$ cat upload-v5.cif   # mmCIF, C-alpha atoms
data_upload
#
loop_
_atom_site.label_atom_id
_atom_site.label_comp_id
_atom_site.auth_asym_id
_atom_site.auth_seq_id
_atom_site.Cartn_x
_atom_site.Cartn_y
_atom_site.Cartn_z
CA MET A 1 -152.87 -126.08 -110.34
CA THR A 2 -149.08 -126.18 -110.28
CA ARG A 3 -147.53 -123.33 -112.24
CA THR A 4 -144.66 -124.36 -114.48
CA ALA A 5 -142.04 -123.00 -116.86
CA ARG A 6 -141.67 -124.90 -120.14
CA LEU A 7 -138.11 -125.54 -121.27
CA HIS A 8 -137.13 -126.79 -124.72
CA VAL A 9 -133.87 -128.72 -124.51
CA ALA A 10 -132.65 -130.27 -127.76
CA ASP A 11 -135.57 -132.50 -128.84
CA ARG A 12 -137.18 -132.57 -125.38
CA VAL A 13 -139.77 -130.41 -123.69
CA VAL A 14 -139.88 -130.39 -119.89
CA ASP A 15 -142.11 -128.54 -117.49
CA LEU A 16 -140.33 -127.22 -114.41
CA PRO A 17 -142.32 -126.06 -111.38
CA LEU A 18 -142.31 -122.41 -110.35
CA ALA A 19 -141.92 -121.53 -106.69
CA THR A 20 -142.90 -118.26 -105.06
CA GLY A 21 -141.76 -117.07 -101.67
CA THR A 22 -143.52 -114.59 -99.41
CA ALA A 23 -141.63 -111.73 -101.07
CA GLY A 24 -139.07 -111.21 -103.78
CA ASP A 25 -138.29 -113.06 -106.99
CA GLN A 26 -140.08 -116.15 -108.27
CA VAL A 27 -137.83 -119.13 -108.94
CA ILE A 28 -137.78 -121.99 -111.40
CA ASP A 29 -137.11 -125.25 -109.58
CA ILE A 30 -134.42 -127.00 -111.63
CA SER A 31 -133.61 -129.69 -109.06
CA THR A 32 -134.75 -132.45 -111.47
CA LEU A 33 -133.32 -130.89 -114.63
CA ARG A 34 -130.24 -133.12 -114.99
CA ASP A 35 -132.14 -136.34 -114.30
CA ARG A 36 -134.79 -135.45 -116.87
CA THR A 37 -132.64 -133.92 -119.62
CA GLY A 38 -128.97 -134.68 -119.00
CA PHE A 39 -128.31 -130.94 -118.84
CA THR A 40 -127.20 -128.71 -115.96
CA THR A 41 -127.07 -124.91 -115.79
CA LEU A 42 -124.09 -122.55 -115.90
CA ASP A 43 -124.35 -119.58 -113.55
CA PRO A 44 -120.97 -118.09 -112.54
CA GLY A 45 -121.17 -116.61 -109.07
CA TYR A 46 -124.65 -118.15 -108.65
CA VAL A 47 -126.13 -114.69 -109.29
CA ASN A 48 -129.26 -116.20 -110.83
CA THR A 49 -129.47 -119.27 -108.63
CA ALA A 50 -131.26 -119.65 -105.31
CA SER A 51 -129.09 -122.07 -103.36
CA CYS A 52 -131.64 -122.58 -100.59
CA SER A 53 -134.96 -121.58 -99.12
CA SER A 54 -134.60 -119.23 -96.17
CA ALA A 55 -136.93 -117.38 -93.81
CA ILE A 56 -134.28 -115.16 -92.22
CA THR A 57 -133.57 -112.02 -94.23
CA PHE A 58 -135.23 -110.28 -97.18
CA VAL A 59 -133.35 -107.86 -99.42
CA ASP A 60 -134.93 -105.88 -102.26
CA GLY A 61 -132.09 -103.98 -103.88
CA ASP A 62 -134.29 -102.18 -106.41
CA HIS A 63 -136.35 -100.50 -103.70
CA GLY A 64 -133.75 -100.25 -100.90
CA ILE A 65 -135.50 -102.70 -98.56
CA LEU A 66 -133.86 -104.81 -95.86
CA ARG A 67 -135.83 -106.83 -93.32
CA TYR A 68 -134.73 -109.24 -90.61
CA ARG A 69 -137.41 -111.89 -90.01
CA GLY A 70 -139.91 -109.50 -91.62
CA ILE A 71 -139.04 -106.47 -89.46
CA PRO A 72 -137.73 -103.45 -91.42
CA ILE A 73 -134.13 -102.57 -90.63
CA GLU A 74 -135.21 -98.98 -89.88
CA ALA A 75 -137.43 -100.16 -87.01
CA LEU A 76 -134.73 -102.37 -85.54
CA ALA A 77 -132.13 -99.60 -85.79
CA GLU A 78 -134.41 -97.21 -83.93
CA ARG A 79 -135.81 -99.52 -81.27
CA SER A 80 -133.67 -102.64 -80.89
CA ASP A 81 -130.06 -103.43 -80.03
CA PHE A 82 -127.47 -105.88 -81.33
CA LEU A 83 -128.11 -108.80 -78.97
CA GLU A 84 -131.89 -108.57 -79.32
CA THR A 85 -131.45 -108.51 -83.09
CA ALA A 86 -129.14 -111.54 -82.83
CA TYR A 87 -131.87 -113.37 -80.92
CA LEU A 88 -134.41 -112.40 -83.59
CA LEU A 89 -132.23 -113.71 -86.42
CA ILE A 90 -131.29 -116.95 -84.67
CA TYR A 91 -134.63 -117.91 -83.12
CA GLY A 92 -137.06 -116.25 -85.52
CA THR A 93 -138.95 -113.97 -83.11
CA LEU A 94 -138.26 -111.08 -80.79
CA PRO A 95 -137.55 -112.38 -77.28
CA SER A 96 -139.90 -112.04 -74.35
CA PRO A 97 -138.47 -110.10 -71.36
CA ALA A 98 -137.58 -113.38 -69.63
CA ALA A 99 -136.02 -114.88 -72.77
CA SER A 100 -134.05 -111.69 -73.42
CA HIS A 101 -132.68 -111.64 -69.88
CA ALA A 102 -131.66 -115.31 -70.07
CA PHE A 103 -130.03 -114.86 -73.48
CA VAL A 104 -128.01 -111.77 -72.52
CA THR A 105 -127.02 -113.27 -69.16
CA THR A 106 -125.78 -116.50 -70.75
CA ILE A 107 -123.72 -114.67 -73.35
CA THR A 108 -122.26 -112.35 -70.72
CA ARG A 109 -121.13 -115.32 -68.64
CA HIS A 110 -119.41 -116.98 -71.62
CA THR A 111 -117.15 -114.06 -72.55
CA LEU A 112 -114.03 -115.48 -70.89
CA LEU A 113 -111.64 -117.43 -73.09
CA HIS A 114 -109.95 -120.60 -71.86
CA GLU A 115 -106.57 -119.53 -70.48
CA ASP A 116 -104.75 -121.87 -72.85
CA VAL A 117 -106.31 -120.05 -75.82
CA LYS A 118 -104.17 -117.04 -74.98
CA ARG A 119 -101.06 -119.10 -75.75
CA PHE A 120 -102.09 -119.20 -79.40
CA TYR A 121 -101.39 -115.49 -79.66
CA ASP A 122 -97.74 -116.07 -78.74
CA GLY A 123 -97.32 -118.03 -81.98
CA PHE A 124 -98.56 -115.29 -84.28
CA PRO A 125 -96.24 -112.61 -85.69
CA LYS A 126 -96.81 -109.17 -84.21
CA ASP A 127 -97.92 -107.85 -87.61
CA ALA A 128 -100.36 -110.71 -88.30
CA HIS A 129 -103.66 -109.44 -89.70
CA PRO A 130 -106.40 -109.64 -87.04
CA MET A 131 -108.70 -111.51 -89.47
CA ALA A 132 -106.15 -114.29 -89.82
CA ILE A 133 -105.93 -114.53 -86.03
CA LEU A 134 -109.70 -114.36 -85.64
CA SER A 135 -110.35 -117.25 -88.00
CA ALA A 136 -107.51 -119.38 -86.62
CA VAL A 137 -108.63 -118.97 -83.01
CA VAL A 138 -112.31 -119.56 -83.83
CA GLY A 139 -111.33 -122.79 -85.58
CA ALA A 140 -109.22 -123.73 -82.56
CA LEU A 141 -112.25 -123.38 -80.27
CA SER A 142 -113.32 -126.75 -81.69
CA THR A 143 -110.48 -128.30 -79.73
CA PHE A 144 -111.40 -126.60 -76.46
CA TYR A 145 -115.15 -127.19 -76.61
CA GLN A 146 -115.51 -130.72 -77.89
CA ASP A 147 -118.76 -131.05 -75.94
CA SER A 148 -120.61 -128.94 -78.52
CA HIS A 149 -119.64 -130.33 -81.93
CA ASN A 150 -122.73 -132.32 -82.85
CA PRO A 151 -124.92 -130.29 -85.25
CA THR A 152 -127.89 -132.59 -84.66
CA ASP A 153 -127.92 -132.21 -80.86
CA PRO A 154 -130.02 -129.13 -79.91
CA HIS A 155 -128.25 -128.70 -76.55
CA GLN A 156 -124.81 -128.74 -78.16
CA VAL A 157 -125.93 -126.30 -80.85
CA GLU A 158 -127.17 -123.91 -78.14
CA LEU A 159 -123.83 -124.15 -76.33
CA SER A 160 -121.77 -123.40 -79.43
CA THR A 161 -124.15 -120.57 -80.40
CA HIS A 162 -123.78 -118.78 -77.08
CA ARG A 163 -120.07 -119.43 -76.86
CA LEU A 164 -119.36 -117.94 -80.26
CA LEU A 165 -121.48 -114.84 -79.71
CA ALA A 166 -119.81 -114.28 -76.35
CA LYS A 167 -116.21 -115.05 -77.22
CA LEU A 168 -115.74 -113.48 -80.65
CA PRO A 169 -115.31 -109.93 -79.24
CA SER A 170 -112.77 -111.26 -76.71
CA ILE A 171 -110.82 -113.04 -79.46
CA ALA A 172 -110.92 -109.88 -81.58
CA ALA A 173 -109.77 -107.57 -78.78
CA TYR A 174 -106.92 -109.90 -77.86
CA SER A 175 -105.73 -109.90 -81.48
CA TYR A 176 -105.53 -106.10 -81.36
CA LYS A 177 -103.73 -106.06 -78.02
CA LYS A 178 -101.24 -108.59 -79.39
CA SER A 179 -100.48 -106.31 -82.36
CA ILE A 180 -99.62 -103.31 -80.16
CA GLY A 181 -97.82 -105.21 -77.42
CA GLN A 182 -100.28 -104.45 -74.63
CA PRO A 183 -101.59 -106.91 -72.03
CA PHE A 184 -104.94 -108.59 -72.61
CA ILE A 185 -107.89 -107.11 -70.74
CA TYR A 186 -110.34 -109.56 -69.20
CA PRO A 187 -114.05 -109.05 -69.92
CA ASP A 188 -116.15 -107.14 -67.39
CA ASN A 189 -119.55 -108.81 -66.94
CA ALA A 190 -121.01 -105.62 -65.49
CA LEU A 191 -120.87 -103.99 -68.92
CA ASP A 192 -123.11 -104.43 -71.94
CA TYR A 193 -121.87 -106.26 -75.03
CA CYS A 194 -120.44 -103.31 -76.96
CA SER A 195 -119.08 -101.42 -73.95
CA ASN A 196 -117.32 -104.59 -72.82
CA PHE A 197 -115.70 -105.00 -76.22
CA LEU A 198 -114.57 -101.36 -76.34
CA ARG A 199 -113.06 -101.69 -72.88
CA MET A 200 -111.15 -104.85 -73.87
CA MET A 201 -109.91 -103.02 -76.97
CA PHE A 202 -108.76 -99.73 -75.51
CA ALA A 203 -108.32 -100.03 -71.72
CA VAL A 204 -104.95 -100.56 -70.04
CA PRO A 205 -104.40 -102.04 -66.56
CA THR A 206 -102.54 -98.98 -65.29
CA GLU A 207 -105.34 -96.46 -65.76
CA PRO A 208 -109.06 -96.21 -65.02
CA SER A 209 -111.17 -96.82 -68.10
CA ASP A 210 -114.57 -95.37 -68.89
CA VAL A 211 -116.26 -96.35 -72.13
CA ASN A 212 -117.76 -93.45 -74.03
CA PRO A 213 -121.51 -94.19 -74.31
CA VAL A 214 -121.66 -92.42 -77.68
CA ALA A 215 -119.05 -94.81 -79.07
CA ALA A 216 -120.82 -97.82 -77.55
CA ARG A 217 -124.17 -96.84 -79.07
CA ALA A 218 -122.60 -96.19 -82.47
CA LEU A 219 -120.83 -99.55 -82.45
CA ASN A 220 -124.03 -101.28 -81.33
CA LEU A 221 -125.89 -99.78 -84.30
CA ALA A 222 -123.15 -100.64 -86.81
CA LEU A 223 -123.08 -104.27 -85.64
CA LEU A 224 -126.88 -104.48 -85.84
CA LEU A 225 -126.91 -103.15 -89.41
CA HIS A 226 -124.33 -105.74 -90.48
CA ALA A 227 -125.98 -108.69 -88.70
CA ASP A 228 -127.22 -110.39 -91.88
CA HIS A 229 -127.57 -109.75 -95.58
CA GLU A 230 -129.08 -112.85 -97.13
CA GLN A 231 -126.96 -115.26 -99.24
CA ASN A 232 -123.75 -113.25 -99.55
CA CYS A 233 -120.32 -114.80 -100.09
CA SER A 234 -119.44 -115.47 -96.44
CA THR A 235 -122.93 -116.66 -95.46
CA SER A 236 -122.99 -119.02 -98.43
CA THR A 237 -119.56 -120.26 -97.34
CA VAL A 238 -120.84 -121.00 -93.83
CA ARG A 239 -123.77 -122.90 -95.34
CA LEU A 240 -121.58 -124.83 -97.79
CA VAL A 241 -119.09 -125.89 -95.12
CA GLY A 242 -121.88 -126.66 -92.68
CA SER A 243 -123.64 -128.83 -95.26
CA SER A 244 -120.91 -131.43 -94.63
CA HIS A 245 -122.04 -131.37 -90.96
CA ALA A 246 -118.90 -129.50 -89.97
CA ASN A 247 -119.37 -128.05 -86.48
CA LEU A 248 -120.39 -124.44 -85.99
CA PHE A 249 -116.89 -123.27 -84.98
CA ALA A 250 -115.35 -124.69 -88.18
CA SER A 251 -118.14 -123.33 -90.37
CA VAL A 252 -117.86 -119.82 -88.92
CA ALA A 253 -114.05 -119.89 -89.22
CA ALA A 254 -114.52 -120.55 -92.96
CA GLY A 255 -117.01 -117.67 -93.14
CA ILE A 256 -114.46 -115.33 -91.55
CA TYR A 257 -111.92 -116.19 -94.22
CA ALA A 258 -114.51 -115.53 -96.96
CA LEU A 259 -115.38 -112.19 -95.36
CA TRP A 260 -111.73 -111.17 -95.28
CA GLY A 261 -111.62 -110.67 -99.05
CA PRO A 262 -111.40 -107.03 -100.22
CA ARG A 263 -114.43 -107.57 -102.48
CA HIS A 264 -116.55 -108.53 -99.47
CA GLY A 265 -115.89 -107.50 -95.89
CA GLY A 266 -112.69 -105.65 -96.68
CA ALA A 267 -114.59 -102.83 -98.39
CA SER A 268 -114.63 -100.46 -95.40
CA GLN A 269 -110.87 -100.89 -95.08
CA GLN A 270 -110.54 -99.97 -98.77
CA VAL A 271 -112.49 -96.78 -98.08
CA MET A 272 -109.85 -95.65 -95.60
CA THR A 273 -107.05 -96.58 -97.99
CA MET A 274 -108.73 -94.42 -100.65
CA LEU A 275 -109.10 -91.52 -98.22
CA ASP A 276 -105.40 -91.89 -97.31
CA THR A 277 -104.52 -91.60 -100.99
CA ILE A 278 -106.60 -88.45 -101.44
CA GLN A 279 -105.26 -86.88 -98.23
CA ALA A 280 -101.65 -87.59 -99.26
CA ASP A 281 -102.32 -85.76 -102.53
CA GLY A 282 -103.25 -82.51 -100.83
CA ALA A 283 -106.82 -83.58 -100.04
CA ASN A 284 -107.76 -82.71 -103.61
CA VAL A 285 -111.24 -84.24 -103.57
CA GLY A 286 -112.28 -82.69 -106.88
CA LYS A 287 -109.36 -84.30 -108.69
CA TYR A 288 -110.32 -87.79 -107.53
CA VAL A 289 -114.00 -87.29 -108.27
CA ASP A 290 -112.97 -86.40 -111.82
CA LEU A 291 -110.74 -89.47 -112.02
CA ALA A 292 -113.62 -91.66 -110.88
CA LYS A 293 -115.74 -90.30 -113.74
CA ASP A 294 -113.06 -91.22 -116.27
CA ARG A 295 -113.87 -94.82 -117.19
CA SER A 296 -110.45 -95.22 -118.82
CA HIS A 297 -108.69 -94.43 -115.54
CA PRO A 298 -108.22 -97.29 -113.02
CA PHE A 299 -109.13 -95.18 -109.98
CA ARG A 300 -112.52 -95.95 -108.45
CA LEU A 301 -114.24 -94.44 -105.43
CA SER A 302 -114.52 -97.10 -102.73
CA GLY A 303 -117.66 -97.05 -100.60
CA PHE A 304 -119.98 -95.86 -103.36
CA GLY A 305 -122.64 -98.02 -104.98
CA HIS A 306 -123.59 -101.57 -104.06
CA ARG A 307 -123.85 -104.84 -105.96
CA VAL A 308 -127.35 -105.52 -104.66
CA TYR A 309 -128.84 -102.08 -104.04
CA ARG A 310 -129.84 -100.06 -107.11
CA HIS A 311 -131.30 -97.58 -104.68
CA TYR A 312 -129.84 -95.93 -101.57
CA ASP A 313 -128.60 -98.63 -99.19
CA PRO A 314 -131.05 -98.39 -96.24
CA ARG A 315 -128.23 -99.15 -93.82
CA ALA A 316 -126.23 -96.23 -95.20
CA THR A 317 -129.19 -93.90 -94.69
CA ILE A 318 -129.26 -94.84 -91.01
CA LEU A 319 -125.49 -94.70 -90.52
CA LYS A 320 -125.21 -91.30 -92.21
CA ARG A 321 -127.29 -89.72 -89.44
CA THR A 322 -125.30 -91.59 -86.81
CA CYS A 323 -122.02 -90.60 -88.45
CA ASP A 324 -122.82 -86.90 -88.21
CA HIS A 325 -123.82 -87.29 -84.55
CA VAL A 326 -120.78 -89.37 -83.60
CA LEU A 327 -118.25 -87.02 -85.17
CA ALA A 328 -119.85 -84.05 -83.39
CA ALA A 329 -120.25 -85.80 -80.03
CA LEU A 330 -116.72 -87.24 -79.95
CA GLY A 331 -115.18 -83.98 -81.11
CA VAL A 332 -112.88 -85.86 -83.44
CA HIS A 333 -110.63 -83.78 -85.70
CA ASP A 334 -109.05 -86.14 -88.20
CA PRO A 335 -107.97 -85.01 -91.68
CA LEU A 336 -109.18 -88.30 -93.19
CA LEU A 337 -112.66 -87.79 -91.78
CA ASP A 338 -112.69 -84.25 -93.18
CA VAL A 339 -111.85 -85.68 -96.61
CA ALA A 340 -114.64 -88.23 -96.23
CA LYS A 341 -117.23 -85.55 -95.47
CA ARG A 342 -116.12 -83.42 -98.42
CA LEU A 343 -116.18 -86.42 -100.72
CA GLU A 344 -119.68 -87.30 -99.57
CA GLU A 345 -120.90 -83.75 -100.17
CA VAL A 346 -119.49 -83.64 -103.70
CA ALA A 347 -120.80 -87.08 -104.70
CA LEU A 348 -124.32 -86.43 -103.39
CA LYS A 349 -124.61 -83.33 -105.58
CA ASP A 350 -122.95 -84.61 -108.73
CA ASP A 351 -125.22 -85.77 -111.56
CA PHE A 352 -122.66 -88.38 -112.63
CA PHE A 353 -123.06 -90.25 -109.34
CA LEU A 354 -126.75 -89.54 -108.85
CA SER A 355 -127.74 -90.72 -112.34
CA ARG A 356 -125.84 -93.97 -111.79
CA LYS A 357 -127.17 -94.35 -108.26
CA LEU A 358 -123.64 -94.41 -106.87
CA TYR A 359 -124.62 -93.33 -103.38
CA PRO A 360 -122.31 -93.72 -100.37
CA ASN A 361 -122.93 -97.21 -99.01
CA VAL A 362 -122.78 -98.79 -95.57
CA ASP A 363 -119.04 -99.46 -95.92
CA PHE A 364 -118.35 -95.76 -96.44
CA TYR A 365 -120.11 -94.62 -93.29
CA SER A 366 -119.11 -97.57 -91.10
CA GLY A 367 -115.45 -96.95 -91.94
CA VAL A 368 -115.77 -93.29 -90.99
CA ILE A 369 -117.47 -94.21 -87.68
CA TYR A 370 -114.93 -96.89 -86.80
CA LYS A 371 -112.09 -94.47 -87.47
CA ALA A 372 -113.74 -91.83 -85.28
CA ILE A 373 -114.14 -94.30 -82.40
CA GLY A 374 -110.44 -95.14 -82.61
CA PHE A 375 -110.33 -98.52 -84.32
CA PRO A 376 -107.28 -99.13 -86.52
CA VAL A 377 -108.08 -99.80 -90.15
CA ASN A 378 -107.06 -103.46 -90.03
CA MET A 379 -109.77 -104.08 -87.41
CA PHE A 380 -112.62 -102.89 -89.65
CA THR A 381 -113.23 -106.30 -91.22
CA VAL A 382 -113.05 -107.88 -87.76
CA LEU A 383 -115.88 -105.61 -86.68
CA PHE A 384 -117.83 -106.72 -89.73
CA ALA A 385 -117.31 -110.35 -88.65
CA ILE A 386 -118.58 -109.66 -85.13
CA GLY A 387 -121.64 -107.98 -86.59
CA ARG A 388 -122.30 -110.71 -89.18
CA LEU A 389 -121.91 -113.58 -86.68
CA PRO A 390 -125.64 -113.78 -85.74
CA GLY A 391 -126.55 -114.12 -89.42
CA TRP A 392 -124.00 -116.87 -89.98
CA ILE A 393 -125.29 -118.75 -86.95
CA ALA A 394 -128.92 -118.29 -88.01
CA HIS A 395 -128.26 -119.63 -91.51
CA TRP A 396 -126.19 -122.57 -90.24
CA ARG A 397 -128.95 -123.52 -87.80
CA GLU A 398 -131.71 -123.06 -90.37
CA MET A 399 -129.88 -125.36 -92.77
CA MET A 400 -129.29 -128.01 -90.10
CA GLN A 401 -132.98 -127.95 -89.16
CA ALA A 402 -134.19 -128.31 -92.76
CA PRO A 403 -135.95 -131.62 -93.49
CA ALA A 404 -133.45 -132.74 -96.12
CA VAL A 405 -130.01 -131.16 -95.98
CA LYS A 406 -127.92 -131.94 -99.04
CA ILE A 407 -124.19 -131.56 -98.97
CA GLY A 408 -123.17 -128.72 -101.26
CA ARG A 409 -121.85 -130.07 -104.53
CA PRO A 410 -122.00 -127.59 -107.46
CA ARG A 411 -121.63 -128.84 -111.03
CA GLN A 412 -119.18 -127.45 -113.57
CA LEU A 413 -118.74 -126.94 -117.29
CA TYR A 414 -115.52 -128.81 -118.10
CA THR A 415 -113.30 -126.99 -120.60
CA GLY A 416 -110.10 -129.04 -120.30
CA ARG A 417 -108.58 -131.53 -122.74
CA PRO A 418 -110.55 -134.61 -123.77
CA ALA A 419 -109.22 -138.08 -122.94
CA ILE A 420 -105.58 -138.54 -124.02
CA ASP A 421 -103.05 -141.33 -123.64
CA TYR A 422 -100.47 -141.46 -120.88
CA VAL A 423 -96.99 -140.88 -122.33
CA PRO A 424 -94.13 -142.78 -120.62
CA MET A 425 -91.29 -140.65 -119.26
CA ALA A 426 -88.74 -141.85 -121.87
CA GLN A 427 -90.98 -140.74 -124.74
CA ARG A 428 -91.72 -137.23 -123.48
CA LEU A 429 -90.14 -134.22 -125.13
CA ASP A 430 -88.17 -131.83 -122.98
CA GLY A 431 -90.24 -128.89 -121.84
CA PRO A 432 -89.68 -125.93 -119.57
CA ALA A 433 -88.25 -126.93 -116.23
CA ALA A 434 -90.55 -126.57 -113.25
CA ALA A 435 -89.45 -124.09 -110.64
CA GLY A 436 -87.99 -125.73 -107.56
CA PRO A 437 -88.82 -124.73 -104.01
CA GLY A 438 -87.81 -121.16 -103.22
#
$ encode --input "upload-v5.cif" --output "structure tokens"
Amino acid sequence: MTRTARLHVADRVVDLPLATGTAGDQVIDISTLRDRTGFTTLDPGYVNTASCSSAITFVDGDHGILRYRGIPIEALAERSDFLETAYLLIYGTLPSPAASHAFVTTITRHTLLHEDVKRFYDGFPKDAHPMAILSAVVGALSTFYQDSHNPTDPHQVELSTHRLLAKLPSIAAYSYKKSIGQPFIYPDNALDYCSNFLRMMFAVPTEPSDVNPVAARALNLALLLHADHEQNCSTSTVRLVGSSHANLFASVAAGIYALWGPRHGGASQQVMTMLDTIQADGANVGKYVDLAKDRSHPFRLSGFGHRVYRHYDPRATILKRTCDHVLAALGVHDPLLDVAKRLEEVALKDDFFLSRKLYPNVDFYSGVIYKAIGFPVNMFTVLFAIGRLPGWIAHWREMMQAPAVKIGRPRQLYTGRPAIDYVPMAQRLDGPAAAGPG
């Protein structure tokens, strides 16, 4: 028997089917609501609306659970690596040894960028934000790889999948090198994914370069933990753009722009800005903890609490252990990192934060780790994008493979003026002059 929810709308009564997934919330299927009643729903931010069915990632914020394709994030963090996790997200299962070798080998061999792509960097200002460059160059890949645009051709989808995973670190590293006036470093196919990226970021042609394995492992873990997080803003953007059958490069470029926002992927950068503020004020951690408790004061602690998790963010639990190890192993002595550790210690013992479940989140610890490795603050969101790429690709592919893909077309509640007459120019009263071009 089909389970339903009964809705009374004006003088009508309609039964709407209930749907239950394998875990998580039940949903009321309102797909026929407008046809049957003439009504739609209003849900700003879609916080109560499931925009799709997905088998990729499960998040339970009340209990601090995160699973990729059913596998707990704790198990993947301990036993997997970033590329294997990317394979899991994109293809739905862990790879066999042969499949893993083929996947890693293909990505390694696609790391080079077309030489003409490098000319794009000459057109950007030196102080251009790396996220702006990242999105622009990813969108431009559509012009260089026109043999992999068709979202309904499995071979072309595979090509664009591998190309994006391989080339995004190269694009990111080149954007950093551009900003500091250093020559671009070509990829080294003898290195693993994260070591290769670190070398492209920090090596110079005039000196030998050895990648610190501690830094490479820490980066690998941080990317893995960011690889997907269900229907967040940037993932939903990739799905919405892709629903028009835009190619994967264009869809991911849109996702990068969505991620750039300070309320989304820019959070770890905000953490460092906050730590800068505290450090500049004599590193007075207690003062800023007190300000954060004062609801009438605008200051807020960045990197604490999470919109989804009402429990400790499981990714933060993992990164906290890694953070302690990385700082010790790298022997980094940075005043900002000292402030971060003191802030963490105070917040984890303070009843104000504990009672409100304002624990340090993944953005807090990832920012501290990135700073310790040597990444500039404006690269933090770029690192988030590299990590989140497998999730974006997985969701785009899942949507394209769905039996009936509908182009995204949300409804609205119109609050403007009702129908009015057009007034000819001669009959209009003088009003404030519009500002001309500046």
$ residues_around --input "upload-v5.cif" --residues "region 180-185 of chain A" --least-positions-apart "4" --cutoff "8 Å" --atoms "all atoms listed in the file" --output "list in words"
Lys126, Ala173, Tyr174, Tyr176, Arg199, Met200, Met201, Ala203, Val204 and Pro205 of chain A
$ closest_residue --input "upload-v5.cif" --among "A:His306, A:His325, A:Arg428, A:Lys349" --to "Gly61 (chain A)" --atoms "only C-alpha atoms"
A:His306
$ residues_around --input "upload-v5.cif" --residues "region 231-240 of chain A" --least-positions-apart "2" --cutoff "6 Å" --atoms "all atoms listed in the file" --output "PyMOL selection string"
chain A and resi 242-243+251-252+255+258-259+392+396+408
$ resolve_selection --input "upload-v5.cif" --expression "the PyMOL selection byres ((chain A and resi 283) around 12)" --output "PyMOL selection string"
chain A and resi 274-282+284-289+335-343
$ resolve_selection --input "upload-v5.cif" --expression "the PyMOL selection byres ((chain A and resi 148) around 12)" --output "PyMOL selection string"
chain A and resi 141-147+149-164+246-250
$ residues_around --input "upload-v5.cif" --residues "region 372-376 of chain A" --least-positions-apart "2" --cutoff "8 Å" --atoms "all atoms listed in the file" --output "list in words"
Ala215, Val326, Leu327, Leu330, Val332, Asp334, Leu337, Val368, Ile369, Tyr370, Asn378, Met379 and Phe380 of chain A
$ atom_distance --input "upload-v5.cif" --atom1 "CA of His226 (chain A)" --atom2 "CA of Arg388 (chain A)"
5.5 Å
$ atom_distance --input "upload-v5.cif" --atom1 "CA of Tyr68 (chain A)" --atom2 "CA of Ile386 (chain A)"
17.1 Å
$ residues_around --input "upload-v5.cif" --residues "Pro125 (chain A)" --least-positions-apart "4" --cutoff "12 Å" --atoms "all atoms listed in the file" --output "count of residues only"
11
$ residues_near_point --input "upload-v5.cif" --point "(-129.3, -132.1, -118.8)" --cutoff "12 Å" --atoms "all atoms listed in the file" --output "list in words"
Leu7, His8, Val9, Ala10, Asp11, Arg12, Val13, Val14, Ile30, Ser31, Thr32, Leu33, Arg34, Asp35, Arg36, Thr37, Gly38, Phe39, Thr40, Thr41, Leu42, Arg411 and Leu413 of chain A
$ write_last_selection --input "upload-v5.cif" --atoms "C-alpha atoms" --output "compact mmCIF listing (two decimals), in the coordinates of the input"
# COMPACT_ATOMS: atom_id res chain seq x y z
CA LEU A 7 -138.11 -125.54 -121.27
CA HIS A 8 -137.13 -126.79 -124.72
CA VAL A 9 -133.87 -128.72 -124.51
CA ALA A 10 -132.65 -130.27 -127.76
CA ASP A 11 -135.57 -132.50 -128.84
CA ARG A 12 -137.18 -132.57 -125.38
CA VAL A 13 -139.77 -130.41 -123.69
CA VAL A 14 -139.88 -130.39 -119.89
CA ILE A 30 -134.42 -127.00 -111.63
CA SER A 31 -133.61 -129.69 -109.06
CA THR A 32 -134.75 -132.45 -111.47
CA LEU A 33 -133.32 -130.89 -114.63
CA ARG A 34 -130.24 -133.12 -114.99
CA ASP A 35 -132.14 -136.34 -114.30
CA ARG A 36 -134.79 -135.45 -116.87
CA THR A 37 -132.64 -133.92 -119.62
CA GLY A 38 -128.97 -134.68 -119.00
CA PHE A 39 -128.31 -130.94 -118.84
CA THR A 40 -127.20 -128.71 -115.96
CA THR A 41 -127.07 -124.91 -115.79
CA LEU A 42 -124.09 -122.55 -115.90
CA ARG A 411 -121.63 -128.84 -111.03
CA LEU A 413 -118.74 -126.94 -117.29
$ residues_around --input "upload-v5.cif" --residues "Glu84 (chain A)" --least-positions-apart "2" --cutoff "9 Å" --atoms "all atoms listed in the file" --output "PyMOL selection string"
chain A and resi 80-82+86-89+94-95+100+103-104
$ resolve_selection --input "upload-v5.cif" --expression "the PyMOL selection byres ((chain A and resi 309-314) around 10)" --output "ChimeraX atom specification"
/A:59-66,72-74,225,304-308,315-319,356-362
$ closest_residue --input "upload-v5.cif" --among "A:Asp192, A:Asp363, A:Asp294, A:Asp210" --to "Met272 (chain A)" --atoms "all atoms listed in the file"
A:Asp363
$ closest_residue --input "upload-v5.cif" --among "A:Ser355, A:Ser366, A:Thr93, A:Asn220" --to "Gly266 (chain A)" --atoms "all atoms listed in the file"
A:Ser366
$ closest_residue --input "upload-v5.cif" --among "A:Leu223, A:Gln270, A:Glu115, A:Arg217" --to "Ser195 (chain A)" --atoms "all atoms listed in the file"
A:Arg217
$ atom_distance --input "upload-v5.cif" --atom1 "CA of Asp351 (chain A)" --atom2 "CA of Ala328 (chain A)"
28.7 Å
